[in-house]
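Novice: Structure supplied as input.cif; contents: mmCIF, C-alpha atoms and all ligand atoms.
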data_protein
#
loop_
_atom_site.group_PDB
_atom_site.id
_atom_site.type_symbol
_atom_site.label_atom_id
_atom_site.label_comp_id
_atom_site.auth_asym_id
_atom_site.auth_seq_id
_atom_site.Cartn_x
_atom_site.Cartn_y
_atom_site.Cartn_z
ATOM 1 C CA MET A 456 17.006 0.805 -4.861
ATOM 2 C CA ARG A 457 18.100 -1.501 -2.069
ATOM 3 C CA HIS A 458 15.236 -1.032 0.356
ATOM 4 C CA LEU A 459 11.554 -0.265 -0.177
ATOM 5 C CA LEU A 460 10.550 1.815 2.838
ATOM 6 C CA ARG A 461 8.172 4.083 0.964
ATOM 7 C CA THR A 462 6.942 4.317 -2.608
ATOM 8 C CA ALA A 463 9.026 7.442 -3.206
ATOM 9 C CA ASP A 464 12.158 5.296 -2.796
ATOM 10 C CA LEU A 465 11.426 4.265 -6.393
ATOM 11 C CA ASP A 466 12.011 6.387 -9.455
ATOM 12 C CA PRO A 467 9.520 6.352 -12.348
ATOM 13 C CA THR A 468 11.590 3.818 -14.305
ATOM 14 C CA GLU A 469 11.898 1.432 -11.359
ATOM 15 C CA LEU A 470 8.152 1.719 -10.733
ATOM 16 C CA ARG A 471 7.458 0.913 -14.412
ATOM 17 C CA GLU A 472 9.792 -2.088 -14.315
ATOM 18 C CA LEU A 473 8.119 -3.440 -11.157
ATOM 19 C CA LEU A 474 4.648 -3.035 -12.681
ATOM 20 C CA ASP A 475 5.756 -4.736 -15.910
ATOM 21 C CA LEU A 476 7.270 -7.666 -14.015
ATOM 22 C CA SER A 477 4.119 -7.890 -11.866
ATOM 23 C CA ALA A 478 1.985 -8.021 -15.021
ATOM 24 C CA ALA A 479 4.226 -10.760 -16.427
ATOM 25 C CA PHE A 480 3.743 -12.779 -13.237
ATOM 26 C CA ARG A 481 -0.019 -12.346 -13.468
ATOM 27 C CA ALA A 482 -0.135 -13.233 -17.174
ATOM 28 C CA ASN A 483 2.003 -16.316 -16.791
ATOM 29 C CA PRO A 484 1.494 -18.327 -13.592
ATOM 30 C CA ASP A 485 4.230 -20.683 -14.805
ATOM 31 C CA LEU A 486 6.792 -17.880 -14.773
ATOM 32 C CA ARG A 487 8.839 -18.863 -11.712
ATOM 33 C CA PRO A 488 12.254 -17.292 -11.622
ATOM 34 C CA ARG A 489 14.383 -19.099 -9.015
ATOM 35 C CA ALA A 490 15.433 -15.775 -7.504
ATOM 36 C CA LEU A 491 15.012 -17.107 -3.964
ATOM 37 C CA ALA A 492 15.951 -20.762 -4.470
ATOM 38 C CA GLY A 493 17.562 -21.994 -1.285
ATOM 39 C CA ARG A 494 17.104 -18.575 0.334
ATOM 40 C CA THR A 495 15.013 -17.317 3.249
ATOM 41 C CA VAL A 496 12.843 -14.211 3.608
ATOM 42 C CA VAL A 497 11.955 -13.165 7.158
ATOM 43 C CA LEU A 498 8.590 -11.525 7.821
ATOM 44 C CA TYR A 499 8.432 -9.576 11.072
ATOM 45 C CA PHE A 500 4.886 -8.372 11.800
ATOM 46 C CA THR A 501 3.783 -6.462 14.907
ATOM 47 C CA LYS A 502 0.298 -5.758 13.493
ATOM 48 C CA PRO A 503 -2.291 -8.206 12.092
ATOM 49 C CA SER A 504 -2.311 -8.964 8.379
ATOM 50 C CA THR A 505 -4.118 -11.254 5.974
ATOM 51 C CA ARG A 506 -3.151 -10.082 2.476
ATOM 52 C CA THR A 507 0.381 -8.825 3.058
ATOM 53 C CA ARG A 508 1.505 -11.750 5.172
ATOM 54 C CA LEU A 509 0.020 -14.463 2.948
ATOM 55 C CA SER A 510 0.767 -12.876 -0.426
ATOM 56 C CA THR A 511 4.387 -12.443 0.638
ATOM 57 C CA CYS A 512 4.640 -16.084 1.752
ATOM 58 C CA ALA A 513 3.085 -17.192 -1.544
ATOM 59 C CA ALA A 514 5.446 -14.958 -3.525
ATOM 60 C CA VAL A 515 8.496 -16.322 -1.715
ATOM 61 C CA ALA A 516 7.337 -19.869 -2.499
ATOM 62 C CA ARG A 517 6.785 -18.902 -6.132
ATOM 63 C CA LEU A 518 10.373 -17.648 -6.302
ATOM 64 C CA GLY A 519 11.657 -20.904 -4.834
ATOM 65 C CA GLY A 520 12.450 -19.640 -1.334
ATOM 66 C CA GLN A 521 11.288 -20.139 2.228
ATOM 67 C CA ALA A 522 9.374 -17.539 4.276
ATOM 68 C CA VAL A 523 9.735 -17.408 8.062
ATOM 69 C CA ILE A 524 7.113 -15.400 9.938
ATOM 70 C CA VAL A 525 7.937 -13.971 13.351
ATOM 71 C CA GLY A 526 6.325 -11.516 15.728
ATOM 72 C CA PRO A 527 7.539 -9.640 18.795
ATOM 73 C CA ALA A 528 6.873 -12.642 21.039
ATOM 74 C CA GLU A 529 9.323 -14.793 19.047
ATOM 75 C CA LEU A 530 12.222 -12.378 18.659
ATOM 76 C CA GLN A 531 14.594 -11.110 21.352
ATOM 77 C CA LEU A 532 13.655 -7.691 19.941
ATOM 78 C CA GLY A 533 10.540 -8.022 22.082
ATOM 79 C CA ARG A 534 12.793 -8.412 25.147
ATOM 80 C CA GLY A 535 14.978 -5.430 24.451
ATOM 81 C CA GLU A 536 17.567 -6.558 21.879
ATOM 82 C CA THR A 537 18.294 -3.526 19.756
ATOM 83 C CA ILE A 538 16.873 -2.923 16.312
ATOM 84 C CA ALA A 539 20.419 -2.476 15.003
ATOM 85 C CA ASP A 540 21.635 -5.837 16.315
ATOM 86 C CA THR A 541 18.486 -7.551 15.049
ATOM 87 C CA ALA A 542 19.069 -6.120 11.578
ATOM 88 C CA ARG A 543 22.725 -7.187 11.557
ATOM 89 C CA VAL A 544 21.928 -10.732 12.674
ATOM 90 C CA ILE A 545 18.992 -11.353 10.306
ATOM 91 C CA SER A 546 21.205 -10.075 7.481
ATOM 92 C CA ARG A 547 23.549 -13.030 8.102
ATOM 93 C CA PHE A 548 20.744 -15.577 7.598
ATOM 94 C CA ALA A 549 18.140 -14.156 5.258
ATOM 95 C CA SER A 550 17.940 -12.534 1.809
ATOM 96 C CA ALA A 551 15.274 -9.942 2.696
ATOM 97 C CA LEU A 552 13.352 -8.710 5.743
ATOM 98 C CA VAL A 553 9.708 -7.699 5.275
ATOM 99 C CA VAL A 554 8.443 -5.627 8.205
ATOM 100 C CA ARG A 555 5.013 -4.442 9.349
ATOM 101 C CA THR A 556 5.114 -2.225 12.404
ATOM 102 C CA PHE A 557 4.131 1.147 13.832
ATOM 103 C CA ALA A 558 6.903 3.766 13.613
ATOM 104 C CA ASP A 559 8.514 4.537 10.271
ATOM 105 C CA ALA A 560 11.653 5.345 12.251
ATOM 106 C CA ASP A 561 11.930 1.668 13.206
ATOM 107 C CA VAL A 562 12.029 0.423 9.605
ATOM 108 C CA GLN A 563 14.466 3.222 8.773
ATOM 109 C CA GLU A 564 16.693 2.045 11.620
ATOM 110 C CA LEU A 565 16.498 -1.556 10.412
ATOM 111 C CA ALA A 566 17.493 -0.382 6.934
ATOM 112 C CA ALA A 567 20.383 1.637 8.322
ATOM 113 C CA HIS A 568 21.924 -1.471 9.902
ATOM 114 C CA ALA A 569 20.873 -4.278 7.540
ATOM 115 C CA SER A 570 22.912 -5.543 4.628
ATOM 116 C CA ILE A 571 19.826 -7.128 3.015
ATOM 117 C CA PRO A 572 16.775 -5.357 1.519
ATOM 118 C CA ILE A 573 14.195 -4.130 4.042
ATOM 119 C CA VAL A 574 10.652 -3.999 2.674
ATOM 120 C CA ASN A 575 8.005 -1.951 4.479
ATOM 121 C CA ALA A 576 4.887 -4.125 4.765
ATOM 122 C CA LEU A 577 2.918 -1.206 6.327
ATOM 123 C CA THR A 578 3.849 1.375 8.906
ATOM 124 C CA ASP A 579 1.874 4.220 10.388
ATOM 125 C CA GLY A 580 3.153 6.408 7.551
ATOM 126 C CA HIS A 581 3.379 4.240 4.450
ATOM 127 C CA HIS A 582 2.182 1.112 2.648
ATOM 128 C CA PRO A 583 4.339 0.922 -0.491
ATOM 129 C CA LEU A 584 3.462 -2.685 -1.386
ATOM 130 C CA GLN A 585 -0.215 -1.731 -1.411
ATOM 131 C CA SER A 586 0.409 1.204 -3.735
ATOM 132 C CA LEU A 587 2.050 -1.072 -6.308
ATOM 133 C CA ALA A 588 -1.017 -3.323 -6.330
ATOM 134 C CA ASP A 589 -3.236 -0.230 -6.535
ATOM 135 C CA LEU A 590 -1.449 1.004 -9.657
ATOM 136 C CA MET A 591 -1.433 -2.466 -11.181
ATOM 137 C CA THR A 592 -5.204 -2.660 -10.642
ATOM 138 C CA LEU A 593 -5.762 0.786 -12.133
ATOM 139 C CA GLU A 594 -3.803 -0.234 -15.238
ATOM 140 C CA GLN A 595 -5.721 -3.535 -15.415
ATOM 141 C CA HIS A 596 -9.157 -1.920 -15.288
ATOM 142 C CA CYS A 597 -8.852 1.742 -16.272
ATOM 143 C CA GLY A 598 -5.797 2.225 -18.505
ATOM 144 C CA PRO A 599 -2.396 3.923 -18.234
ATOM 145 C CA VAL A 600 -2.201 5.791 -14.934
ATOM 146 C CA ASP A 601 -0.878 8.966 -16.568
ATOM 147 C CA THR A 602 -4.224 9.270 -18.404
ATOM 148 C CA LEU A 603 -6.353 8.765 -15.290
ATOM 149 C CA ARG A 604 -8.148 10.884 -12.753
ATOM 150 C CA VAL A 605 -8.194 8.988 -9.461
ATOM 151 C CA ALA A 606 -10.013 10.033 -6.275
ATOM 152 C CA TRP A 607 -8.905 9.066 -2.782
ATOM 153 C CA ILE A 608 -11.830 9.508 -0.386
ATOM 154 C CA GLY A 609 -11.720 9.418 3.429
ATOM 155 C CA ASP A 610 -8.758 9.483 5.793
ATOM 156 C CA GLY A 611 -5.405 10.837 4.604
ATOM 157 C CA ASN A 612 -3.605 7.815 6.029
ATOM 158 C CA ASN A 613 -0.655 5.507 5.254
ATOM 159 C CA VAL A 614 -2.370 3.957 2.220
ATOM 160 C CA ALA A 615 -3.265 7.429 0.926
ATOM 161 C CA HIS A 616 0.354 8.558 1.359
ATOM 162 C CA SER A 617 1.696 5.682 -0.687
ATOM 163 C CA LEU A 618 -0.940 6.137 -3.399
ATOM 164 C CA MET A 619 -0.023 9.837 -3.589
ATOM 165 C CA GLU A 620 3.617 8.936 -4.142
ATOM 166 C CA ALA A 621 2.749 6.219 -6.666
ATOM 167 C CA VAL A 622 0.474 8.438 -8.766
ATOM 168 C CA ALA A 623 3.055 11.227 -8.563
ATOM 169 C CA LEU A 624 5.692 8.850 -9.970
ATOM 170 C CA ALA A 625 3.342 7.469 -12.637
ATOM 171 C CA GLY A 626 2.148 10.876 -13.841
ATOM 172 C CA GLY A 627 -1.634 10.808 -13.286
ATOM 173 C CA THR A 628 -4.076 13.000 -11.369
ATOM 174 C CA LEU A 629 -5.000 12.183 -7.772
ATOM 175 C CA MET A 630 -7.740 14.124 -6.028
ATOM 176 C CA VAL A 631 -7.425 13.533 -2.279
ATOM 177 C CA GLY A 632 -10.855 14.191 -0.735
ATOM 178 C CA VAL A 633 -10.570 14.361 3.044
ATOM 179 C CA PRO A 634 -12.351 16.203 5.872
ATOM 180 C CA GLU A 635 -10.565 19.135 7.515
ATOM 181 C CA GLY A 636 -8.150 17.689 10.053
ATOM 182 C CA TYR A 637 -7.797 14.334 8.234
ATOM 183 C CA GLY A 638 -5.425 15.447 5.507
ATOM 184 C CA PRO A 639 -2.222 13.686 4.536
ATOM 185 C CA ASP A 640 1.029 14.461 6.337
ATOM 186 C CA PRO A 641 2.174 17.824 4.902
ATOM 187 C CA ALA A 642 5.736 16.506 4.479
ATOM 188 C CA VAL A 643 4.529 13.518 2.436
ATOM 189 C CA LEU A 644 2.284 15.813 0.388
ATOM 190 C CA ALA A 645 5.223 18.114 -0.314
ATOM 191 C CA ASP A 646 7.387 15.157 -1.370
ATOM 192 C CA ALA A 647 4.651 13.826 -3.657
ATOM 193 C CA ARG A 648 4.188 17.251 -5.217
ATOM 194 C CA ALA A 649 7.938 17.600 -5.767
ATOM 195 C CA ILE A 650 7.867 14.300 -7.691
ATOM 196 C CA ALA A 651 4.718 15.407 -9.535
ATOM 197 C CA ALA A 652 6.441 18.581 -10.665
ATOM 198 C CA ARG A 653 8.962 16.398 -12.514
ATOM 199 C CA THR A 654 6.540 13.825 -13.960
ATOM 200 C CA GLY A 655 3.579 16.061 -14.855
ATOM 201 C CA ALA A 656 1.322 14.456 -12.238
ATOM 202 C CA THR A 657 -1.249 16.418 -10.236
ATOM 203 C CA ILE A 658 -1.874 15.798 -6.528
ATOM 204 C CA GLU A 659 -4.723 17.935 -5.140
ATOM 205 C CA VAL A 660 -6.225 17.954 -1.640
ATOM 206 C CA VAL A 661 -9.871 19.039 -1.366
ATOM 207 C CA HIS A 662 -12.418 18.891 1.436
ATOM 208 C CA ASP A 663 -15.514 18.181 -0.656
ATOM 209 C CA PRO A 664 -16.006 14.512 -1.604
ATOM 210 C CA VAL A 665 -18.125 15.409 -4.639
ATOM 211 C CA GLU A 666 -15.409 17.716 -5.981
ATOM 212 C CA ALA A 667 -12.870 14.927 -5.458
ATOM 213 C CA VAL A 668 -14.799 12.260 -7.404
ATOM 214 C CA GLU A 669 -16.076 14.508 -10.210
ATOM 215 C CA GLY A 670 -15.133 12.772 -13.478
ATOM 216 C CA ALA A 671 -12.994 10.142 -11.725
ATOM 217 C CA HIS A 672 -11.992 6.921 -13.503
ATOM 218 C CA ALA A 673 -11.439 5.275 -10.117
ATOM 219 C CA VAL A 674 -12.423 5.948 -6.502
ATOM 220 C CA VAL A 675 -10.241 4.539 -3.730
ATOM 221 C CA THR A 676 -10.887 4.424 -0.008
ATOM 222 C CA ASP A 677 -9.698 2.705 3.186
ATOM 223 C CA VAL A 678 -10.819 2.206 6.766
ATOM 224 C CA TRP A 679 -11.490 5.217 8.965
ATOM 225 C CA LEU A 680 -9.585 3.836 11.965
ATOM 226 C CA SER A 681 -6.191 2.397 11.080
ATOM 227 C CA MET A 682 -4.196 -0.053 13.180
ATOM 228 C CA GLY A 683 -2.334 2.144 15.612
ATOM 229 C CA ASP A 684 -4.999 4.876 15.691
ATOM 230 C CA PRO A 685 -6.251 5.121 19.286
ATOM 231 C CA ASP A 686 -9.553 3.294 19.818
ATOM 232 C CA ASP A 687 -10.935 6.278 21.712
ATOM 233 C CA GLN A 688 -10.824 8.240 18.425
ATOM 234 C CA LYS A 689 -13.297 5.870 16.828
ATOM 235 C CA ALA A 690 -16.550 7.712 17.592
ATOM 236 C CA ARG A 691 -15.112 11.053 16.476
ATOM 237 C CA ARG A 692 -13.675 9.537 13.308
ATOM 238 C CA LEU A 693 -16.947 7.841 12.366
ATOM 239 C CA ARG A 694 -18.775 11.133 12.830
ATOM 240 C CA ASP A 695 -16.264 13.331 10.980
ATOM 241 C CA LEU A 696 -15.705 10.936 8.099
ATOM 242 C CA ALA A 697 -19.388 10.005 7.550
ATOM 243 C CA PRO A 698 -19.855 12.542 4.702
ATOM 244 C CA PHE A 699 -16.958 10.806 2.927
ATOM 245 C CA GLN A 700 -18.588 7.386 2.706
ATOM 246 C CA VAL A 701 -18.245 5.886 -0.788
ATOM 247 C CA ASN A 702 -21.831 5.098 -1.766
ATOM 248 C CA ALA A 703 -23.913 5.063 -4.929
ATOM 249 C CA ASP A 704 -24.827 8.750 -4.566
ATOM 250 C CA LEU A 705 -21.181 9.782 -4.401
ATOM 251 C CA LEU A 706 -20.161 7.506 -7.287
ATOM 252 C CA ALA A 707 -22.880 9.115 -9.446
ATOM 253 C CA HIS A 708 -20.522 12.106 -9.712
ATOM 254 C CA ALA A 709 -17.715 9.985 -11.167
ATOM 255 C CA ARG A 710 -17.493 8.576 -14.687
ATOM 256 C CA GLU A 711 -20.141 6.031 -15.563
ATOM 257 C CA ASP A 712 -17.449 3.337 -15.904
ATOM 258 C CA VAL A 713 -15.809 4.272 -12.580
ATOM 259 C CA ARG A 714 -13.995 1.488 -10.706
ATOM 260 C CA PHE A 715 -13.947 1.134 -6.943
ATOM 261 C CA LEU A 716 -10.758 0.131 -5.112
ATOM 262 C CA HIS A 717 -10.142 -0.659 -1.430
ATOM 263 C CA CYS A 718 -6.985 -2.240 -0.001
ATOM 264 C CA LEU A 719 -9.110 -4.299 2.423
ATOM 265 C CA PRO A 720 -10.047 -5.170 5.117
ATOM 266 C CA ALA A 721 -13.268 -3.187 4.594
ATOM 267 C CA HIS A 722 -15.972 -2.046 6.989
ATOM 268 C CA ARG A 723 -19.234 -2.184 5.054
ATOM 269 C CA GLY A 724 -21.557 0.581 6.206
ATOM 270 C CA GLU A 725 -18.655 2.803 7.283
ATOM 271 C CA GLU A 726 -16.191 3.926 4.582
ATOM 272 C CA VAL A 727 -18.100 2.081 1.834
ATOM 273 C CA THR A 728 -21.570 0.656 1.366
ATOM 274 C CA ALA A 729 -22.068 -3.049 0.654
ATOM 275 C CA GLU A 730 -23.834 -2.018 -2.558
ATOM 276 C CA VAL A 731 -20.618 -0.442 -3.866
ATOM 277 C CA ILE A 732 -17.964 -2.865 -2.636
ATOM 278 C CA ASP A 733 -20.002 -5.925 -3.598
ATOM 279 C CA GLY A 734 -21.292 -4.352 -6.799
ATOM 280 C CA PRO A 735 -20.176 -4.482 -10.452
ATOM 281 C CA ARG A 736 -17.852 -1.478 -10.263
ATOM 282 C CA SER A 737 -15.741 -2.982 -7.486
ATOM 283 C CA VAL A 738 -12.367 -4.501 -8.396
ATOM 284 C CA VAL A 739 -11.192 -5.114 -4.838
ATOM 285 C CA PHE A 740 -10.474 -8.827 -5.272
ATOM 286 C CA ASP A 741 -8.373 -8.274 -8.392
ATOM 287 C CA GLN A 742 -6.603 -5.631 -6.296
ATOM 288 C CA ALA A 743 -6.051 -8.196 -3.526
ATOM 289 C CA GLU A 744 -4.721 -10.743 -6.047
ATOM 290 C CA ASN A 745 -2.350 -8.129 -7.402
ATOM 291 C CA ARG A 746 -0.696 -7.991 -3.975
ATOM 292 C CA LEU A 747 0.806 -11.413 -4.843
ATOM 293 C CA HIS A 748 2.197 -10.389 -8.220
ATOM 294 C CA THR A 749 3.589 -7.075 -7.023
ATOM 295 C CA VAL A 750 5.348 -8.424 -3.934
ATOM 296 C CA ALA A 751 6.840 -11.200 -6.069
ATOM 297 C CA ALA A 752 8.195 -8.522 -8.415
ATOM 298 C CA VAL A 753 9.596 -6.504 -5.495
ATOM 299 C CA LEU A 754 11.343 -9.494 -3.914
ATOM 300 C CA ALA A 755 12.723 -10.807 -7.221
ATOM 301 C CA THR A 756 14.052 -7.354 -8.069
ATOM 302 C CA LEU A 757 15.503 -6.348 -4.699
ATOM 303 C CA THR A 758 17.203 -9.681 -4.023
ATOM 304 C CA SER A 759 18.844 -9.718 -7.459
ATOM 305 C CA ARG A 760 20.876 -6.579 -6.810
HETATM 306 N N1 LIG B 801 -4.316 -4.462 2.427
HETATM 307 C C1 LIG B 801 -3.554 -5.062 3.384
HETATM 308 O O1 LIG B 801 -2.388 -4.700 3.606
HETATM 309 O O2 LIG B 801 -4.181 -6.044 4.051
HETATM 310 P P1 LIG B 801 -3.641 -6.858 5.309
HETATM 311 O O3 LIG B 801 -3.672 -5.923 6.494
HETATM 312 O O4 LIG B 801 -4.587 -8.006 5.443
HETATM 313 O O5 LIG B 801 -2.225 -7.297 5.018
HETATM 314 N N1 LIG B 802 -4.845 2.059 6.871
HETATM 315 C C1 LIG B 802 -4.995 0.684 7.304
HETATM 316 C C2 LIG B 802 -4.585 -0.235 6.216
HETATM 317 C C3 LIG B 802 -4.717 -1.701 6.522
HETATM 318 C C4 LIG B 802 -4.242 -2.580 5.406
HETATM 319 C C5 LIG B 802 -4.203 0.453 8.565
HETATM 320 O O1 LIG B 802 -3.076 0.968 8.677
HETATM 321 O O2 LIG B 802 -4.708 -0.212 9.464
#
Could I get this structure in the form of structure tokens?

Specialist:
Amino acid sequence: MRHLLRTADLDPTELRELLDLSAAFRANPDLRPRALAGRTVVLYFTKPSTRTRLSTCAAVARLGGQAVIVGPAELQLGRGETIADTARVISRFASALVVRTFADADVQELAAHASIPIVNALTDGHHPLQSLADLMTLEQHCGPVDTLRVAWIGDGNNVAHSLMEAVALAGGTLMVGVPEGYGPDPAVLADARAIAARTGATIEVVHDPVEAVEGAHAVVTDVWLSMGDPDDQKARRLRDLAPFQVNADLLAHAREDVRFLHCLPAHRGEEVTAEVIDGPRSVVFDQAENRLHTVAAVLATLTSR
């Protein structure tokens, strides 16, 4: 594993090792390997970010390094320098490049020309760093993922894709409950199912939210309009996704000890009610904290190879 462009770049053993190292970081705040001492990690973000940007900066500091954050306005990339040249040049200065942008093809092109690890910090198709924190949170609150029934409810988006791949690698059951027309990318679904066939995982897509959450140990959702989705889709999305709101009535069909996860930022009253996200079953702030431990594990691991 040199790059982390999508969760399926990992194999089950690598995923386990990352989750174990993440748990060690969480258990022992004094554990500070000097993996990045004297080294620089560049963060290039073309979309807003609170958790990913700041958890990555904090993780780099924890590992003894220096994070440099740039956007399109700071780089010559924004004035037409090629992705390939940008990748080659940053590789001469930095130890890793963490990228949040739109097209998956752009991070693939960076990876093709870089000689340092490229880490996808969210694209239109994937959010691998989020999926690691999601699994870490499931293990923290619900138990080993291969014993769990997890429900994704709402839009079959980038975060859903990465969770599908993560659960497929870990060997659990993921029920993806989405309206017709909001399903995951069929190619990503096929890839996740190919992994699942080897690990014993189950990845199901259903169009009834109640069927999806029936007996679930955890229910996971995300916004209904992602960054990059056209604003003029908003009214249609709110209407079509309304039956997939995570509320107390829906959670009544899950296990009594069900946990609620959301990568954040959340829109209370849309994909989730305030009662649920601010209630006792919600573990969203542990999930947010786990972004720090998991990105630290990713950077320590990738930069040591
Ligand atoms: N969950 C997540 O990636 O949040 P940010 O957009 O704030 O980074
Ligand atoms: N699906 C959301 C996740 C934000 C962290 C988006 O892409 O905007």

Novice: Given the file shown, enumerate the residues that the PyMOL selection byres (((chain A and resi 460) around 10) and not hetatm) captures and present them as a list in words.

Specialist: Arg457, His458, Leu459, Arg461, Thr462, Ala463, Asp464, Leu465, Val553, Val554, Asp559, Val562, Gln563, Ala566, Pro572, Ile573, Val574, Asn575, Ala576, Leu577, Thr578, Gly580, His581, His582, Pro583 and Leu584 of chain A

Novice: Please determine, counting only C-alpha atoms, which residue among A:Val731, A:Leu696, A:Val614, A:Leu644 has the shortest atom-to-atom distance to Asp677 of chain A.

Specialist: A:Val614

Novice: When distances are computed from only C-alpha atoms, which of A:His708, A:Arg508, A:His672, A:Arg517 shows the smallest separation from Ala752 of chain A?

Specialist: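 Selected residue with least distance to Ala752 of chain A: A:Arg517.
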
Novice: Using the chain letters and numbering of this document, enumerate as a PDB file with C-alpha atoms, in the coordinates of the input the residues selected by the PyMOL selection byres (((chain A and resi 646) around 12) and not hetatm).

Specialist:
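Everything below was put into result_30.pdb:
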ATOM      1  CA  ARG A 461       8.172   4.083   0.964  1.00  0.00           C
ATOM      2  CA  THR A 462       6.942   4.317  -2.608  1.00  0.00           C
ATOM      3  CA  ALA A 463       9.026   7.442  -3.206  1.00  0.00           C
ATOM      4  CA  ASP A 464      12.158   5.296  -2.796  1.00  0.00           C
ATOM      5  CA  HIS A 616       0.354   8.558   1.359  1.00  0.00           C
ATOM      6  CA  SER A 617       1.696   5.682  -0.687  1.00  0.00           C
ATOM      7  CA  MET A 619      -0.023   9.837  -3.589  1.00  0.00           C
ATOM      8  CA  GLU A 620       3.617   8.936  -4.142  1.00  0.00           C
ATOM      9  CA  ALA A 621       2.749   6.219  -6.666  1.00  0.00           C
ATOM     10  CA  ALA A 623       3.055  11.227  -8.563  1.00  0.00           C
ATOM     11  CA  LEU A 624       5.692   8.850  -9.970  1.00  0.00           C
ATOM     12  CA  PRO A 639      -2.222  13.686   4.536  1.00  0.00           C
ATOM     13  CA  ASP A 640       1.029  14.461   6.337  1.00  0.00           C
ATOM     14  CA  PRO A 641       2.174  17.824   4.902  1.00  0.00           C
ATOM     15  CA  ALA A 642       5.736  16.506   4.479  1.00  0.00           C
ATOM     16  CA  VAL A 643       4.529  13.518   2.436  1.00  0.00           C
ATOM     17  CA  LEU A 644       2.284  15.813   0.388  1.00  0.00           C
ATOM     18  CA  ALA A 645       5.223  18.114  -0.314  1.00  0.00           C
ATOM     19  CA  ALA A 647       4.651  13.826  -3.657  1.00  0.00           C
ATOM     20  CA  ARG A 648       4.188  17.251  -5.217  1.00  0.00           C
ATOM     21  CA  ALA A 649       7.938  17.600  -5.767  1.00  0.00           C
ATOM     22  CA  ILE A 650       7.867  14.300  -7.691  1.00  0.00           C
ATOM     23  CA  ALA A 651       4.718  15.407  -9.535  1.00  0.00           C
ATOM     24  CA  ALA A 652       6.441  18.581 -10.665  1.00  0.00           C
ATOM     25  CA  ARG A 653       8.962  16.398 -12.514  1.00  0.00           C
ATOM     26  CA  ILE A 658      -1.874  15.798  -6.528  1.00  0.00           C
TER      27      ILE A 658
END

Novice: With the file shown as input, list the residues that the PyMOL selection byres (((not hetatm)) within 8 of (chain B and resi 801)) selects, as a list in words.

Specialist: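 Taken over the shown coordinates, the PyMOL selection byres (((not hetatm)) within 8 of (chain B and resi 801)) returns Pro503, Ser504, Thr505, Arg506, Thr507, Arg508, Leu509, Ala576, Leu577, His582, Leu584, Gln585, His717, Cys718, Leu719, Pro720 and Ala743 of chain A.
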
Novice: Please report the interatomic distance between atom CA of Pro488 of chain A and atom CA of Glu744 of chain A in Å with one decimal.

Specialist: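 Computing it gives 19.0 Å between the two atoms.
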
Novice: What does the distance from atom CA of Ile545 of chain A to atom CA of Gly520 of chain A come to in Å, to one decimal?

Specialist: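 Those two atoms sit 15.7 Å apart.
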
Novice: Counting only C-alpha atoms, which residue out of A:Leu590, A:Val665, A:Ala558, A:Ala625 sits closest to Thr468 of chain A?

Specialist: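 Among A:Leu590, A:Val665, A:Ala558, A:Ala625, it is A:Ala625 that comes nearest to Thr468 of chain A.
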
Novice: Give me, as an mmCIF file with C-alpha atoms, in the coordinates of the input, the set of residues whose atoms come within 6 Å of any atom of ligand LIG 802 (chain B), counting only C-alpha atoms and all ligand atoms.

Specialist:
data_model
loop_
_atom_site.group_PDB
_atom_site.id
_atom_site.type_symbol
_atom_site.label_atom_id
_atom_site.label_comp_id
_atom_site.auth_asym_id
_atom_site.auth_seq_id
_atom_site.Cartn_x
_atom_site.Cartn_y
_atom_site.Cartn_z
ATOM 1 C CA ASN A 612 -3.605 7.815 6.029
ATOM 2 C CA ASN A 613 -0.655 5.507 5.254
ATOM 3 C CA VAL A 614 -2.370 3.957 2.220
ATOM 4 C CA VAL A 678 -10.819 2.206 6.766
ATOM 5 C CA SER A 681 -6.191 2.397 11.080
ATOM 6 C CA MET A 682 -4.196 -0.053 13.180
ATOM 7 C CA LEU A 719 -9.110 -4.299 2.423
#

Novice: Please report the interatomic distance between atom CA of Gly655 of chain A and atom CA of Gly626 of chain A in Å with one decimal.

Specialist: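 Straight-line distance from atom CA of Gly655 of chain A to atom CA of Gly626 of chain A works out to 5.5 Å.
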
Novice: Could you tell me which of A:Ala539, A:Ile608, A:Leu491, A:Ala751 comes closest to Ala479 of chain A if we count all atoms listed in the file?

Specialist: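 Checking each of A:Ala539, A:Ile608, A:Leu491, A:Ala751 against Ala479 of chain A, counting all atoms listed in the file, the winner is A:Ala751.
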